[in-house]
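structure08.pdb follows; it contains PDB, C-alpha atoms, pLDDT in the B column.
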```pdb
ATOM      1  CA  TYR A 423     160.483 131.054  36.217  1.00 46.00           C
ATOM      2  CA  THR A 424     157.768 129.391  38.288  1.00 56.00           C
ATOM      3  CA  THR A 425     160.372 127.915  40.637  1.00 62.00           C
ATOM      4  CA  LEU A 426     162.071 131.270  41.051  1.00 57.00           C
ATOM      5  CA  PHE A 427     158.772 133.034  41.660  1.00 58.00           C
ATOM      6  CA  ARG A 428     157.698 130.538  44.297  1.00 64.00           C
ATOM      7  CA  SER A 429     161.091 130.293  45.974  1.00 65.00           C
ATOM      8  CA  LYS A 430     161.325 131.790  49.448  1.00 71.00           C
ATOM      9  CA  SER A 431     165.070 132.261  49.122  1.00 75.00           C
ATOM     10  CA  TYR A 432     164.820 135.272  46.791  1.00 77.00           C
ATOM     11  CA  GLN A 433     163.917 138.815  47.746  1.00 80.00           C
ATOM     12  CA  ARG A 434     161.427 140.450  45.377  1.00 80.00           C
ATOM     13  CA  TYR A 435     161.527 144.175  44.742  1.00 81.00           C
ATOM     14  CA  VAL A 436     158.190 145.576  43.693  1.00 81.00           C
ATOM     15  CA  TYR A 437     157.942 148.860  41.815  1.00 79.00           C
ATOM     16  CA  PRO A 438     154.325 149.982  41.827  1.00 80.00           C
ATOM     17  CA  ARG A 439     152.880 151.464  38.664  1.00 79.00           C
ATOM     18  CA  PRO A 440     150.494 154.419  38.645  1.00 81.00           C
ATOM     19  CA  GLY A 441     146.987 153.257  39.443  1.00 83.00           C
ATOM     20  CA  THR A 442     148.136 150.150  41.344  1.00 82.00           C
ATOM     21  CA  ASN A 443     146.365 149.472  44.622  1.00 83.00           C
ATOM     22  CA  PRO A 444     149.228 149.487  47.194  1.00 76.00           C
ATOM     23  CA  GLU A 445     147.317 147.083  49.462  1.00 81.00           C
ATOM     24  CA  LEU A 446     147.596 144.366  46.806  1.00 80.00           C
ATOM     25  CA  LEU A 447     151.377 144.658  46.862  1.00 79.00           C
ATOM     26  CA  GLU A 448     151.793 144.419  50.634  1.00 77.00           C
ATOM     27  CA  ASN A 449     151.177 140.655  50.756  1.00 77.00           C
ATOM     28  CA  ILE A 450     153.802 139.576  48.226  1.00 78.00           C
ATOM     29  CA  GLU A 451     155.938 136.940  49.906  1.00 79.00           C
ATOM     30  CA  ASN A 452     159.553 138.119  50.330  1.00 80.00           C
ATOM     31  CA  GLY A 453     158.485 141.327  48.620  1.00 81.00           C
ATOM     32  CA  GLN A 454     159.759 144.779  49.330  1.00 83.00           C
ATOM     33  CA  ILE A 455     157.953 147.747  47.833  1.00 83.00           C
ATOM     34  CA  VAL A 456     160.438 150.160  46.283  1.00 83.00           C
ATOM     35  CA  ASN A 457     159.870 153.705  47.442  1.00 82.00           C
ATOM     36  CA  ALA A 458     160.512 155.621  44.232  1.00 80.00           C
ATOM     37  CA  PRO A 459     158.679 158.200  42.159  1.00 81.00           C
ATOM     38  CA  LEU A 460     155.881 156.663  40.132  1.00 78.00           C
ATOM     39  CA  MET A 461     156.450 156.850  36.403  1.00 77.00           C
ATOM     40  CA  ASP A 462     154.122 155.553  33.763  1.00 76.00           C
ATOM     41  CA  ILE A 463     156.783 153.629  31.845  1.00 82.00           C
ATOM     42  CA  SER A 464     156.164 150.234  30.315  1.00 86.00           C
ATOM     43  CA  SER A 465     158.082 147.912  28.037  1.00 88.00           C
ATOM     44  CA  THR A 466     155.518 148.706  25.355  1.00 92.00           C
ATOM     45  CA  PHE A 467     156.310 152.412  25.722  1.00 92.00           C
ATOM     46  CA  VAL A 468     160.033 151.694  25.342  1.00 93.00           C
ATOM     47  CA  ARG A 469     159.595 149.442  22.283  1.00 94.00           C
ATOM     48  CA  GLU A 470     157.192 151.782  20.515  1.00 94.00           C
ATOM     49  CA  SER A 471     159.304 154.856  21.274  1.00 94.00           C
ATOM     50  CA  ILE A 472     162.450 153.256  19.878  1.00 95.00           C
ATOM     51  CA  ALA A 473     160.544 152.193  16.759  1.00 95.00           C
ATOM     52  CA  LYS A 474     159.494 155.853  16.341  1.00 95.00           C
ATOM     53  CA  LYS A 475     163.152 156.905  16.767  1.00 94.00           C
ATOM     54  CA  LYS A 476     162.531 158.671  20.063  1.00 94.00           C
ATOM     55  CA  ASP A 477     165.320 158.915  22.599  1.00 94.00           C
ATOM     56  CA  VAL A 478     164.476 156.739  25.620  1.00 93.00           C
ATOM     57  CA  ARG A 479     168.001 156.151  26.920  1.00 92.00           C
ATOM     58  CA  TYR A 480     167.295 158.159  30.077  1.00 90.00           C
ATOM     59  CA  PHE A 481     164.481 155.800  31.013  1.00 88.00           C
ATOM     60  CA  LEU A 482     166.788 152.764  31.006  1.00 88.00           C
ATOM     61  CA  PRO A 483     169.958 151.646  32.755  1.00 85.00           C
ATOM     62  CA  GLU A 484     172.975 152.540  30.596  1.00 92.00           C
ATOM     63  CA  LYS A 485     173.938 148.905  29.900  1.00 92.00           C
ATOM     64  CA  VAL A 486     170.384 148.033  28.870  1.00 91.00           C
ATOM     65  CA  TRP A 487     170.204 150.993  26.503  1.00 93.00           C
ATOM     66  CA  LYS A 488     173.600 150.137  25.004  1.00 95.00           C
ATOM     67  CA  TYR A 489     172.571 146.527  24.411  1.00 94.00           C
ATOM     68  CA  ILE A 490     169.238 147.494  22.816  1.00 94.00           C
ATOM     69  CA  SER A 491     171.005 150.060  20.642  1.00 93.00           C
ATOM     70  CA  ASP A 492     173.900 147.776  19.651  1.00 95.00           C
ATOM     71  CA  MET A 493     171.538 144.944  18.748  1.00 95.00           C
ATOM     72  CA  HIS A 494     169.147 147.304  16.902  1.00 93.00           C
ATOM     73  CA  PHE A 495     166.177 145.959  18.831  1.00 94.00           C
ATOM     74  CA  TYR A 496     162.772 147.523  18.122  1.00 92.00           C
ATOM     75  CA  GLN A 497     164.077 149.690  15.301  1.00 89.00           C
ATOM     76  CA  SER A 498     161.880 149.867  12.248  1.00 74.00           C
ATOM     77  CA  LYS A 499     162.894 147.767   9.263  1.00 69.00           C
ATOM     78  CA  ASN A 500     162.659 150.854   7.064  1.00 61.00           C
ATOM     79  CA  SER A 501     165.802 152.380   8.561  1.00 50.00           C
ATOM     80  CA  SER A 502     168.376 152.631   5.835  1.00 44.00           C
ATOM     81  CA  SER A 503     171.631 152.736   7.776  1.00 41.00           C
ATOM     82  CA  LYS A 504     173.326 152.054  11.038  1.00 45.00           C
ATOM     83  CA  THR A 505     174.218 155.736  11.305  1.00 40.00           C
ATOM     84  CA  GLU A 506     170.581 156.757  11.063  1.00 45.00           C
ATOM     85  CA  ASN A 507     169.686 154.444  13.970  1.00 45.00           C
ATOM     86  CA  ARG A 508     172.565 155.811  16.033  1.00 46.00           C
ATOM     87  CA  ASP A 509     170.747 159.143  16.232  1.00 47.00           C
ATOM     88  CA  LEU A 510     168.927 157.543  19.152  1.00 50.00           C
ATOM     89  CA  VAL A 511     172.151 157.394  21.148  1.00 45.00           C
TER      90      VAL A 511
END
```

Could I get this structure in the form of structure tokens?
Amino acid sequence: YTTLFRSKSYQRYVYPRPGTNPELLENIENGQIVNAPLMDISSTFVRESIAKKKDVRYFLPEKVWKYISDMHFYQSKNSSSKTENRDLV
């Protein structure tokens, strides 16, 4: 990871989060700020929402959602069946 982060041969795409100072992002080497709507989405939000059986598939790329769903990541251990967990899909 450290080698990849320090490498000058890779372009970095930076998606600012709400509350981020844009000036801090301008000096990232090989960085390009992504001009997209700001959404307050974090990996913690995704994990906790899935554990609470909330539908977050529209916040994630389709393949990522499918993988998380197929592998039953972040689903509570109290779920009794595969069918019950599929309600998220």

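All residues of protein, DNA or RNA that reach within 12 Å of range 482-484 of chain A, judged by only C-alpha atoms and not counting those fewer than 6 positions away in the chain, are Ile463, Ser464, Ser465, Phe467, Val468, Arg469, Ile472, Ile490, Ser491, Asp492 and Val511 of chain A.
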
- Can you pull out every residue within 6 Å of range 443-458 of chain A, counting all atoms listed in the file, but drop anything in the same chain fewer than 5 positions away, and send it as a list in words? Gln433, Arg434, Tyr435, Val436 and Tyr437 of chain A

- Measure the distance from CA of Thr442 in chain A to CA of Thr466 in chain A in Å and round it to one decimal. 17.7 Å

- Task: Can you work out the spacing between CA of Ser471 in chain A and CA of Lys485 in chain A in Å, to one decimal?
- Result: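 CA of Lys485 in chain A lies at a distance of 18.0 Å from CA of Ser471 in chain A.
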
- Task: Take CA of Trp487 in chain A and CA of Pro440 in chain A and report the distance between them in Å, one decimal.
- Result: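 Interatomic distance here is 23.4 Å.
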
- Message: Calculated over only C-alpha atoms, which of the candidates A:Met461, A:Ser498, A:Pro438, A:Ser431 has the smallest distance to Phe481 in chain A?
- Response: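 Closest to Phe481 in chain A, using only C-alpha atoms: A:Met461.
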
- Message: Env of Glu470 in chain A: 9 Å cut, atoms = all atoms listed in the file, seq-sep filter 5 positions within chain, self excluded. Answer as number ranges by chain.
- Response: A: 465, 475-476, 496-497
